[in-house]
Every structure is written in C-alpha cells, then in structure tokens.
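J.: Handing over my_file-v6.cif, mmCIF, C-alpha atoms.
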```cif
data_final
loop_
_atom_site.group_PDB
_atom_site.id
_atom_site.type_symbol
_atom_site.label_atom_id
_atom_site.label_comp_id
_atom_site.auth_asym_id
_atom_site.auth_seq_id
_atom_site.Cartn_x
_atom_site.Cartn_y
_atom_site.Cartn_z
ATOM 1 C CA MET B 1 145.721 -48.097 39.331
ATOM 2 C CA SER B 2 145.945 -47.275 35.615
ATOM 3 C CA LEU B 3 146.152 -43.695 34.428
ATOM 4 C CA PRO B 4 144.256 -42.571 31.373
ATOM 5 C CA ARG B 5 146.313 -42.403 28.317
ATOM 6 C CA ILE B 6 146.529 -38.998 26.721
ATOM 7 C CA THR B 7 147.781 -38.564 23.228
ATOM 8 C CA SER B 8 148.284 -35.515 21.080
ATOM 9 C CA ARG B 9 144.995 -36.248 19.409
ATOM 10 C CA THR B 10 143.036 -36.284 22.588
ATOM 11 C CA PRO B 11 141.299 -32.921 22.907
ATOM 12 C CA LEU B 12 141.907 -31.134 26.159
ATOM 13 C CA GLN B 13 138.854 -29.905 28.058
ATOM 14 C CA GLU B 14 138.940 -26.134 28.452
ATOM 15 C CA PRO B 15 138.121 -24.839 31.964
ATOM 16 C CA THR B 16 134.934 -23.005 32.357
ATOM 17 C CA ILE B 17 135.544 -19.308 33.150
ATOM 18 C CA LEU B 18 132.799 -17.672 35.184
ATOM 19 C CA PRO B 19 132.024 -13.993 34.793
ATOM 20 C CA SER B 20 133.635 -11.756 37.349
ATOM 21 C CA HIS B 21 130.317 -10.427 38.552
ATOM 22 C CA HIS B 22 129.119 -13.849 39.639
ATOM 23 C CA SER B 23 130.446 -14.801 43.067
ATOM 24 C CA PRO B 24 130.956 -18.465 43.753
ATOM 25 C CA PRO B 25 128.133 -20.122 45.624
ATOM 26 C CA VAL B 26 128.582 -20.324 49.331
ATOM 27 C CA SER B 27 128.316 -23.695 50.776
ATOM 28 C CA PRO B 28 125.697 -24.174 53.513
ATOM 29 C CA THR B 29 128.342 -25.991 55.468
ATOM 30 C CA ILE B 30 130.568 -22.898 55.554
ATOM 31 C CA MET B 31 127.691 -20.632 56.691
ATOM 32 C CA ALA B 32 126.704 -22.993 59.432
ATOM 33 C CA PHE B 33 130.252 -23.334 60.703
ATOM 34 C CA PRO B 34 130.417 -20.188 62.985
ATOM 35 C CA ILE B 35 126.840 -20.673 64.182
ATOM 36 C CA SER B 36 127.485 -24.255 65.143
ATOM 37 C CA HIS B 37 130.613 -23.258 67.023
ATOM 38 C CA PHE B 38 128.711 -20.523 68.907
ATOM 39 C CA LEU B 39 125.941 -22.931 69.865
ATOM 40 C CA ALA B 40 128.529 -25.469 70.881
ATOM 41 C CA ALA B 41 130.163 -22.886 73.131
ATOM 42 C CA LEU B 42 126.841 -22.150 74.819
ATOM 43 C CA ASN B 43 126.089 -25.823 75.252
ATOM 44 C CA PRO B 44 129.429 -27.627 75.330
ATOM 45 C CA ARG B 45 129.277 -31.376 75.090
ATOM 46 C CA LYS B 46 132.488 -32.236 76.847
ATOM 47 C CA PRO B 47 132.650 -31.727 80.653
ATOM 48 C CA ARG B 48 136.024 -30.011 80.379
ATOM 49 C CA HIS B 49 134.681 -27.412 77.965
ATOM 50 C CA ARG B 50 131.574 -26.918 80.120
ATOM 51 C CA THR B 51 133.707 -26.248 83.207
ATOM 52 C CA THR B 52 135.835 -23.709 81.336
ATOM 53 C CA PHE B 53 132.709 -21.944 80.064
ATOM 54 C CA PHE B 54 131.165 -21.613 83.545
ATOM 55 C CA ALA B 55 134.485 -20.443 84.985
ATOM 56 C CA LEU B 56 134.654 -17.697 82.347
ATOM 57 C CA ILE B 57 131.112 -16.523 83.179
ATOM 58 C CA ALA B 58 131.928 -16.468 86.894
ATOM 59 C CA LEU B 59 135.066 -14.415 86.233
ATOM 60 C CA VAL B 60 133.074 -11.839 84.230
ATOM 61 C CA CYS B 61 130.441 -11.536 86.995
ATOM 62 C CA LEU B 62 133.106 -11.174 89.687
ATOM 63 C CA SER B 63 134.920 -8.446 87.710
ATOM 64 C CA THR B 64 131.663 -6.529 87.228
ATOM 65 C CA TYR B 65 130.906 -6.711 90.947
ATOM 66 C CA VAL B 66 134.370 -5.515 91.948
ATOM 67 C CA PHE B 67 134.479 -2.585 89.510
ATOM 68 C CA PHE B 68 130.959 -1.218 89.850
ATOM 69 C CA VAL B 69 129.852 -2.190 93.384
ATOM 70 C CA GLN B 70 132.891 -2.327 95.636
ATOM 71 C CA HIS B 71 134.601 0.636 93.878
ATOM 72 C CA PRO B 72 131.904 3.212 92.947
ATOM 73 C CA SER B 73 134.513 5.583 91.544
ATOM 74 C CA PHE B 74 134.590 3.428 88.401
ATOM 75 C CA SER B 75 130.881 3.985 87.860
ATOM 76 C CA PRO B 76 129.972 7.134 85.834
ATOM 77 C CA ALA B 77 126.587 7.556 87.491
ATOM 78 C CA LEU B 78 127.577 7.374 91.161
ATOM 79 C CA PRO B 79 129.865 10.471 91.216
ATOM 80 C CA LEU B 80 126.970 12.490 89.896
ATOM 81 C CA ARG B 81 124.823 11.302 92.741
ATOM 82 C CA HIS B 82 127.524 12.224 95.260
ATOM 83 C CA THR B 83 127.885 15.676 93.706
ATOM 84 C CA ASP B 84 124.176 16.278 93.770
ATOM 85 C CA SER B 85 123.911 15.207 97.383
ATOM 86 C CA ASN B 86 126.823 17.454 98.393
ATOM 87 C CA GLY B 87 125.321 20.412 96.538
ATOM 88 C CA ALA B 88 121.958 19.825 98.156
ATOM 89 C CA SER B 89 123.490 19.659 101.618
ATOM 90 C CA GLN B 90 125.488 22.858 101.003
ATOM 91 C CA MET B 91 122.360 24.620 99.780
ATOM 92 C CA ALA B 92 120.489 23.508 102.880
ATOM 93 C CA LEU B 93 123.263 24.814 105.139
ATOM 94 C CA ALA B 94 123.291 28.159 103.292
ATOM 95 C CA LEU B 95 119.528 28.562 103.657
ATOM 96 C CA GLU B 96 119.739 27.660 107.328
ATOM 97 C CA SER B 97 122.470 30.252 107.951
ATOM 98 C CA ILE B 98 120.395 32.922 106.186
ATOM 99 C CA ARG B 99 117.409 32.080 108.364
ATOM 100 C CA ASN B 100 119.539 32.214 111.484
ATOM 101 C CA SER B 101 120.959 35.591 110.515
ATOM 102 C CA ARG B 102 117.506 37.046 110.012
ATOM 103 C CA PHE B 103 115.759 35.548 112.982
ATOM 104 C CA GLY B 104 116.837 35.123 116.554
ATOM 105 C CA ALA B 105 116.120 32.310 118.927
ATOM 106 C CA LYS B 106 112.505 33.389 119.391
ATOM 107 C CA GLY B 107 111.894 33.831 115.676
ATOM 108 C CA GLY B 108 111.935 37.622 115.717
ATOM 109 C CA PRO B 109 114.172 39.876 113.621
ATOM 110 C CA LYS B 110 117.752 39.776 114.797
ATOM 111 C CA HIS B 111 118.939 42.968 113.086
ATOM 112 C CA LYS B 112 116.268 45.613 113.227
ATOM 113 C CA TRP B 113 118.347 48.151 111.323
ATOM 114 C CA SER B 114 118.789 45.879 108.279
ATOM 115 C CA THR B 115 115.027 45.347 107.941
ATOM 116 C CA SER B 116 113.998 48.932 108.599
ATOM 117 C CA HIS B 117 116.849 50.642 106.723
ATOM 118 C CA THR B 118 114.910 50.718 103.463
ATOM 119 C CA HIS B 119 111.996 52.449 105.226
ATOM 120 C CA ARG B 120 114.089 55.322 106.630
ATOM 121 C CA THR B 121 113.268 58.756 105.320
ATOM 122 C CA GLN B 122 115.944 60.693 103.481
ATOM 123 C CA VAL B 123 117.561 63.626 105.260
ATOM 124 C CA ARG B 124 116.193 67.019 104.246
ATOM 125 C CA LEU B 125 118.459 69.978 103.590
ATOM 126 C CA ASP B 126 117.555 73.550 104.361
ATOM 127 C CA GLY B 127 118.718 76.406 102.133
ATOM 128 C CA ALA B 128 122.074 76.924 103.850
ATOM 129 C CA GLN B 129 122.826 73.197 103.898
ATOM 130 C CA GLU B 130 121.849 72.809 100.245
ATOM 131 C CA LEU B 131 124.107 75.721 99.264
ATOM 132 C CA ALA B 132 126.985 74.157 101.212
ATOM 133 C CA ALA B 133 126.373 70.728 99.668
ATOM 134 C CA ILE B 134 126.331 72.064 96.112
ATOM 135 C CA SER B 135 129.416 74.242 96.723
ATOM 136 C CA SER B 136 131.303 71.300 98.232
ATOM 137 C CA PHE B 137 130.289 69.064 95.325
ATOM 138 C CA LEU B 138 131.443 71.551 92.680
ATOM 139 C CA ALA B 139 134.687 72.468 94.467
ATOM 140 C CA SER B 140 135.767 68.863 95.124
ATOM 141 C CA LEU B 141 136.341 67.976 91.435
ATOM 142 C CA PRO B 142 136.425 70.277 88.382
ATOM 143 C CA GLN B 143 134.387 67.813 86.307
ATOM 144 C CA ASN B 144 131.509 67.658 88.786
ATOM 145 C CA SER B 145 128.332 69.248 87.464
ATOM 146 C CA LEU B 146 124.629 69.315 88.245
ATOM 147 C CA PRO B 147 122.395 67.130 86.067
ATOM 148 C CA SER B 148 120.478 69.064 83.448
ATOM 149 C CA THR B 149 117.316 67.102 84.312
ATOM 150 C CA ILE B 150 116.840 68.559 87.796
ATOM 151 C CA ASP B 151 114.299 71.260 88.560
ATOM 152 C CA PRO B 152 116.220 74.243 90.015
ATOM 153 C CA SER B 153 113.051 75.699 91.530
ATOM 154 C CA VAL B 154 112.796 72.879 94.099
ATOM 155 C CA PRO B 155 115.380 71.527 96.589
ATOM 156 C CA ILE B 156 117.918 69.206 95.020
ATOM 157 C CA ASP B 157 118.045 65.508 95.828
ATOM 158 C CA PRO B 158 120.767 65.174 98.509
ATOM 159 C CA GLN B 159 122.014 61.924 96.983
ATOM 160 C CA LEU B 160 123.168 63.831 93.884
ATOM 161 C CA VAL B 161 125.666 66.015 95.759
ATOM 162 C CA LEU B 162 126.507 64.154 98.992
ATOM 163 C CA ASP B 163 128.952 61.252 99.189
ATOM 164 C CA PHE B 164 127.395 59.447 102.170
ATOM 165 C CA ASP B 165 124.200 57.558 102.903
ATOM 166 C CA THR B 166 121.491 60.191 103.151
ATOM 167 C CA ARG B 167 119.111 57.652 104.734
ATOM 168 C CA GLY B 168 121.490 56.431 107.405
ATOM 169 C CA PRO B 169 120.987 57.027 111.127
ATOM 170 C CA ARG B 170 123.879 59.529 111.190
ATOM 171 C CA ALA B 171 122.893 61.442 108.050
ATOM 172 C CA ALA B 172 121.944 64.638 109.931
ATOM 173 C CA VAL B 173 125.242 64.623 111.844
ATOM 174 C CA GLU B 174 127.236 64.081 108.661
ATOM 175 C CA VAL B 175 125.385 66.930 106.934
ATOM 176 C CA GLN B 176 126.351 69.321 109.721
ATOM 177 C CA ALA B 177 129.978 68.150 109.544
ATOM 178 C CA MET B 178 129.945 68.685 105.776
ATOM 179 C CA VAL B 179 128.695 72.264 106.171
ATOM 180 C CA GLU B 180 131.459 73.124 108.619
ATOM 181 C CA GLU B 181 134.149 71.461 106.519
ATOM 182 C CA VAL B 182 133.282 73.085 103.190
ATOM 183 C CA TRP B 183 133.367 76.647 104.557
ATOM 184 C CA GLN B 184 136.498 75.902 106.533
ATOM 185 C CA ARG B 185 138.267 74.786 103.373
ATOM 186 C CA ASN B 186 136.664 77.437 101.176
ATOM 187 C CA PRO B 187 136.038 80.488 103.402
ATOM 188 C CA VAL B 188 135.775 82.748 100.343
ATOM 189 C CA PHE B 189 133.662 81.317 97.518
ATOM 190 C CA LEU B 190 132.731 83.280 94.403
ATOM 191 C CA TYR B 191 130.147 82.343 91.769
ATOM 192 C CA ALA B 192 131.009 84.648 88.879
ATOM 193 C CA LYS B 193 130.870 85.123 85.124
ATOM 194 C CA HIS B 194 133.948 84.862 82.995
ATOM 195 C CA TYR B 195 132.719 87.494 80.514
ATOM 196 C CA SER B 196 131.477 90.135 82.955
ATOM 197 C CA SER B 197 133.025 93.449 84.020
ATOM 198 C CA SER B 198 131.412 93.377 87.468
ATOM 199 C CA SER B 199 132.750 89.879 88.057
ATOM 200 C CA ARG B 200 136.242 90.974 87.057
ATOM 201 C CA GLU B 201 136.002 93.885 89.500
ATOM 202 C CA VAL B 202 135.117 91.617 92.404
ATOM 203 C CA LYS B 203 137.849 89.166 91.392
ATOM 204 C CA ASN B 204 140.405 91.990 91.480
ATOM 205 C CA ILE B 205 139.307 93.032 94.977
ATOM 206 C CA ILE B 206 139.696 89.478 96.272
ATOM 207 C CA ALA B 207 143.007 88.936 94.473
ATOM 208 C CA SER B 208 144.485 92.088 96.053
ATOM 209 C CA MET B 209 144.031 90.550 99.524
ATOM 210 C CA HIS B 210 146.328 87.547 98.761
ATOM 211 C CA LEU B 211 144.125 85.189 100.753
ATOM 212 C CA HIS B 212 145.106 81.868 102.236
ATOM 213 C CA PRO B 213 143.498 79.519 101.558
ATOM 214 C CA ALA B 214 143.007 80.809 98.058
ATOM 215 C CA PRO B 215 139.459 81.834 97.116
ATOM 216 C CA THR B 216 137.367 79.318 95.180
ATOM 217 C CA ILE B 217 136.035 80.875 91.992
ATOM 218 C CA ILE B 218 133.545 79.174 89.666
ATOM 219 C CA ASP B 219 132.736 80.833 86.343
ATOM 220 C CA VAL B 220 129.163 79.739 85.868
ATOM 221 C CA ASP B 221 128.728 80.935 82.284
ATOM 222 C CA THR B 222 131.495 78.639 80.964
ATOM 223 C CA ARG B 223 130.058 75.446 82.441
ATOM 224 C CA ASP B 224 127.818 72.821 80.856
ATOM 225 C CA ASP B 225 125.334 73.127 83.744
ATOM 226 C CA ALA B 226 125.256 76.953 83.584
ATOM 227 C CA GLU B 227 121.490 77.244 83.200
ATOM 228 C CA VAL B 228 120.625 74.882 86.057
ATOM 229 C CA LEU B 229 123.389 76.172 88.346
ATOM 230 C CA LYS B 230 122.509 79.837 87.801
ATOM 231 C CA ALA B 231 118.848 79.235 88.667
ATOM 232 C CA THR B 232 119.793 77.184 91.734
ATOM 233 C CA ILE B 233 122.177 79.870 93.053
ATOM 234 C CA THR B 234 119.482 82.510 92.542
ATOM 235 C CA ARG B 235 116.974 80.470 94.559
ATOM 236 C CA LEU B 236 119.404 79.803 97.414
ATOM 237 C CA THR B 237 120.970 83.273 97.719
ATOM 238 C CA SER B 238 118.135 85.543 96.517
ATOM 239 C CA SER B 239 120.651 87.204 94.157
ATOM 240 C CA ALA B 240 119.241 87.650 90.693
ATOM 241 C CA GLU B 241 122.579 88.426 89.066
ATOM 242 C CA LEU B 242 126.120 87.124 89.240
ATOM 243 C CA PRO B 243 128.643 87.505 90.816
ATOM 244 C CA VAL B 244 127.628 86.054 94.193
ATOM 245 C CA LEU B 245 130.295 86.307 96.872
ATOM 246 C CA LEU B 246 130.032 83.877 99.800
ATOM 247 C CA VAL B 247 132.110 84.589 102.899
ATOM 248 C CA GLY B 248 131.873 81.879 105.493
ATOM 249 C CA GLY B 249 128.899 80.421 103.605
ATOM 250 C CA ARG B 250 126.873 83.640 103.621
ATOM 251 C CA SER B 251 126.154 85.892 100.675
ATOM 252 C CA VAL B 252 127.661 89.379 100.946
ATOM 253 C CA GLY B 253 125.016 90.861 98.641
ATOM 254 C CA SER B 254 125.024 92.691 95.356
ATOM 255 C CA VAL B 255 128.060 94.088 93.578
ATOM 256 C CA ALA B 256 127.268 97.561 94.892
ATOM 257 C CA ASN B 257 127.199 96.202 98.435
ATOM 258 C CA ILE B 258 130.542 94.411 97.904
ATOM 259 C CA LEU B 259 132.149 97.624 96.663
ATOM 260 C CA ALA B 260 130.792 99.586 99.616
ATOM 261 C CA LEU B 261 132.085 97.028 102.140
ATOM 262 C CA ASP B 262 135.487 97.038 100.472
ATOM 263 C CA LYS B 263 135.661 100.808 100.605
ATOM 264 C CA SER B 264 134.765 100.910 104.315
ATOM 265 C CA GLY B 265 137.136 98.063 105.232
ATOM 266 C CA ASP B 266 134.330 95.848 106.519
ATOM 267 C CA LEU B 267 134.872 93.332 103.745
ATOM 268 C CA ARG B 268 138.332 92.539 105.086
ATOM 269 C CA LYS B 269 136.882 92.090 108.561
ATOM 270 C CA LEU B 270 134.256 89.660 107.263
ATOM 271 C CA ILE B 271 136.860 87.678 105.364
ATOM 272 C CA ALA B 272 139.227 87.545 108.349
ATOM 273 C CA ALA B 273 136.372 86.369 110.597
ATOM 274 C CA SER B 274 135.606 83.522 108.171
ATOM 275 C CA GLY B 275 139.036 81.985 108.736
ATOM 276 C CA ALA B 276 140.873 83.211 105.650
ATOM 277 C CA VAL B 277 144.233 84.863 106.254
ATOM 278 C CA ILE B 278 144.683 88.194 104.474
ATOM 279 C CA GLU B 279 148.148 88.508 102.951
ATOM 280 C CA GLY B 280 148.599 84.888 103.920
ATOM 281 C CA ALA B 281 149.636 83.912 100.426
ATOM 282 C CA LYS B 282 152.459 86.472 100.484
ATOM 283 C CA LYS B 283 153.757 85.221 103.820
ATOM 284 C CA LYS B 284 153.711 81.662 102.495
ATOM 285 C CA LYS B 285 155.764 82.718 99.468
ATOM 286 C CA HIS B 286 158.379 84.439 101.631
ATOM 287 C CA ARG B 287 158.765 81.293 103.768
ATOM 288 C CA LYS B 288 159.578 79.254 100.666
#
```
As structure tokens - that is how I would like this structure written.
T.:
Amino acid sequence: MSLPRITSRTPLQEPTILPSHHSPPVSPTIMAFPISHFLAALNPRKPRHRTTFFALIALVCLSTYVFFVQHPSFSPALPLRHTDSNGASQMALALESIRNSRFGAKGGPKHKWSTSHTHRTQVRLDGAQELAAISSFLASLPQNSLPSTIDPSVPIDPQLVLDFDTRGPRAAVEVQAMVEEVWQRNPVFLYAKHYSSSSREVKNIIASMHLHPAPTIIDVDTRDDAEVLKATITRLTSSAELPVLLVGGRSVGSVANILALDKSGDLRKLIAASGAVIEGAKKKKHRK
C-alpha cells in the first residue's frame, strides 16, 4: 500500500471548526441503542436470557407477596385498618357499658337517684337558718362577702353561702347541723360599725367579759358588701340600726336593751347559757 507523498508545497487542509452553539448530530443508531436493548430484554431471543428474565419476574412477585400479604406490618394501609377496628370495638364496649349502667336487666333505670337528682327541689331556709348560714359564711374566711347583685329584700340563694349540695337528699339535715355548729363556735356574734360610738360601747362591754371562745365581730361599714349585708341583717333581725348582738343565734335587741341587760346582769346569764365561758380567756392565759 503506497502512502501519499506530501511535500512542503502541498497545502494542508485546515479542519473545519464548528460553532460552539451547534451540537454534533446524534446518530439514529445511538438513539436506538437503549430502546433496542430494552425491547430485547422484554423479548429475549436466546433461551438462556429468556429463562433469566422469567426467573427475575418470579422473584419480584414472590418478594411482593411475602412483604405485603404474609407480613401485613410492612403494609402502610393495614395498620390503619387494625387501629380503626380496635377503636370501633372499644367505642362499642364503652357505649354498651354506659347502657348497662343506666338500665337494669328489665330495661328500667338502675339508679333512680342519678336520674331524678336534677329534678330535686332546693332546700329552703327560714329566717333563723338564713342568718346562721350567712354568719357562718362570713366568719369562716375574712375574704368571704355577699355578691352585690343579690336582692337583700328576698331570701338569699342557699348555694351562695352553703358548702354542700343544697339539692341533695340530706340537705335539710346538713342545714340543721350547720346551724348548731356555727352558734357553738361563735356563741357571741356582733355585727357592728367601726366608726360608731354605740358600737364601741357594746364592744367594750363584751371585751370586759374576757369570753372564750372569743366573740366574732364584723364591722359592716368597712366591707365591700356593706350595703347588701346591712339590708340583709335588717331583714333577718328586724333591727334597723347597727350594732346587732347575737347570743346563741338570737338578737339581743337595740343598744338600749343591751345596756339595760348588762346593768341588770342578765346579759352575762344569756352569754353563759349560749356556751361562752365568761373570764375564760383569762383562765386560759394563766394556764399558759
């Protein structure tokens, strides 16, 4: 084979430089190469390749069956179904237990008190019980006060001043126990005015007796509920003016009557009969 002879005079052919923005043409053979391989894989010509292809498909099917049928925990949808079924069964059991608690074997109400409790009437307080309830409420905590929205001309709602169920079956019994307890703890109870000479006079009379337990004194005019409380005390005791002295839960009367009883010695007798011990505070101090 003879090679062409190139001399210095023979012009060299310069290579053609394509612009950078023109990509070289793609051969149809190159484009058809992956497609032909894919089609050949789907329809292999050789028996060995066909056997390998079918074995691969069988392996994929078997893996899918094992993961999603035999072991449902791998499936994201099945746990939701289990959860829903468990929740539904628990809800059904809860509803069944509620029905059983409300109805007996014959279908009637099992607990009559629970169904009729809302229809019970509230206990009613007479004047003496209302006075005891309000006094107990005010003496239990210094911050307790009557709501300014109540009407002092009518009996107060027992739920505002009592700490037990006023619609319960034992409400009347508990009211009576409350009345006895409040006057046993506070045998001498004084509704007074802080800025009043007559109130100071009554306070001095009581203080000179050195009572035990100590007298409970409420200065009405210094309280936030003064207007409502004053009108309520007037309605319950028939005393138009303060101070109002309660001994054993009963009003002693006007200031003039208190002074007269103190002068005659009957006031001490009333106080001793109520359970308070005269000079009891002095004896307690000496024991200490």
J.: Specify as a PyMOL selection string each residue included when the PyMOL selection byres ((chain B and resi 203) around 10) is applied to this file.
T.: chain B and resi 190+192+197-202+204-208+215+217+243+245
J.: Write out as a list in words each polymer residue whose atoms come within 12 Å of Asp165 of chain B, counting only C-alpha atoms; drop sequence neighbours fewer than 4 positions from it.
T.: His117, Thr118, Arg120, Thr121, Gln122, Val123, Pro158, Gln159, Leu160, Val161, Pro169, Arg170, Ala171, Ala172, Val173, Glu174 and Val175 of chain B
J.: Given the selection you just returned, output its residues as a file containing C-alpha atoms, formatted as a compact mmCIF listing (two decimals), in the frame of the given file.
T.:
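Result file follows (part37.txt):
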```
# COMPACT_ATOMS: atom_id res chain seq x y z
CA HIS B 117 116.85 50.64 106.72
CA THR B 118 114.91 50.72 103.46
CA ARG B 120 114.09 55.32 106.63
CA THR B 121 113.27 58.76 105.32
CA GLN B 122 115.94 60.69 103.48
CA VAL B 123 117.56 63.63 105.26
CA PRO B 158 120.77 65.17 98.51
CA GLN B 159 122.01 61.92 96.98
CA LEU B 160 123.17 63.83 93.88
CA VAL B 161 125.67 66.02 95.76
CA PRO B 169 120.99 57.03 111.13
CA ARG B 170 123.88 59.53 111.19
CA ALA B 171 122.89 61.44 108.05
CA ALA B 172 121.94 64.64 109.93
CA VAL B 173 125.24 64.62 111.84
CA GLU B 174 127.24 64.08 108.66
CA VAL B 175 125.38 66.93 106.93
```
J.: Just to confirm, what's the straight-line distance from atom CA of Ser274 of chain B to atom CA of Ala132 of chain B in Å (one decimal)?
T.: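 Separation between atom CA of Ser274 of chain B and atom CA of Ala132 of chain B: 14.5 Å.
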J.: Name the residues that the PyMOL selection byres ((chain B and resi 227-235) around 8) picks from the file above, as an MDAnalysis selection string, using the file's chain letters and numbers.
T.: chainID B and resid 131 146:148 150:153 220 225:226 236:241
J.: Once the PyMOL selection byres ((chain B and resi 188) around 10) has been applied to the shown file, what residues remain in the selection, as a list in words?
T.: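 So the PyMOL selection byres ((chain B and resi 188) around 10) ends up selecting Trp183, Gln184, Arg185, Asn186, Pro187, Phe189, Leu190, Ile206, Leu211, His212, Pro213, Ala214, Pro215, Thr216, Ile217, Leu245, Leu246, Val247, Gly248, Gly249, Arg250, Leu270, Ile271, Ala272, Ser274, Gly275 and Ala276 of chain B.
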J.: Write the residues of the preceding selection, restricted to C-alpha atoms, as an mmCIF file, in the coordinates of the input.
T.:
```cif
data_model
loop_
_atom_site.group_PDB
_atom_site.id
_atom_site.type_symbol
_atom_site.label_atom_id
_atom_site.label_comp_id
_atom_site.auth_asym_id
_atom_site.auth_seq_id
_atom_site.Cartn_x
_atom_site.Cartn_y
_atom_site.Cartn_z
ATOM 1 C CA TRP B 183 133.367 76.647 104.557
ATOM 2 C CA GLN B 184 136.498 75.902 106.533
ATOM 3 C CA ARG B 185 138.267 74.786 103.373
ATOM 4 C CA ASN B 186 136.664 77.437 101.176
ATOM 5 C CA PRO B 187 136.038 80.488 103.402
ATOM 6 C CA PHE B 189 133.662 81.317 97.518
ATOM 7 C CA LEU B 190 132.731 83.280 94.403
ATOM 8 C CA ILE B 206 139.696 89.478 96.272
ATOM 9 C CA LEU B 211 144.125 85.189 100.753
ATOM 10 C CA HIS B 212 145.106 81.868 102.236
ATOM 11 C CA PRO B 213 143.498 79.519 101.558
ATOM 12 C CA ALA B 214 143.007 80.809 98.058
ATOM 13 C CA PRO B 215 139.459 81.834 97.116
ATOM 14 C CA THR B 216 137.367 79.318 95.180
ATOM 15 C CA ILE B 217 136.035 80.875 91.992
ATOM 16 C CA LEU B 245 130.295 86.307 96.872
ATOM 17 C CA LEU B 246 130.032 83.877 99.800
ATOM 18 C CA VAL B 247 132.110 84.589 102.899
ATOM 19 C CA GLY B 248 131.873 81.879 105.493
ATOM 20 C CA GLY B 249 128.899 80.421 103.605
ATOM 21 C CA ARG B 250 126.873 83.640 103.621
ATOM 22 C CA LEU B 270 134.256 89.660 107.263
ATOM 23 C CA ILE B 271 136.860 87.678 105.364
ATOM 24 C CA ALA B 272 139.227 87.545 108.349
ATOM 25 C CA SER B 274 135.606 83.522 108.171
ATOM 26 C CA GLY B 275 139.036 81.985 108.736
ATOM 27 C CA ALA B 276 140.873 83.211 105.650
#
```
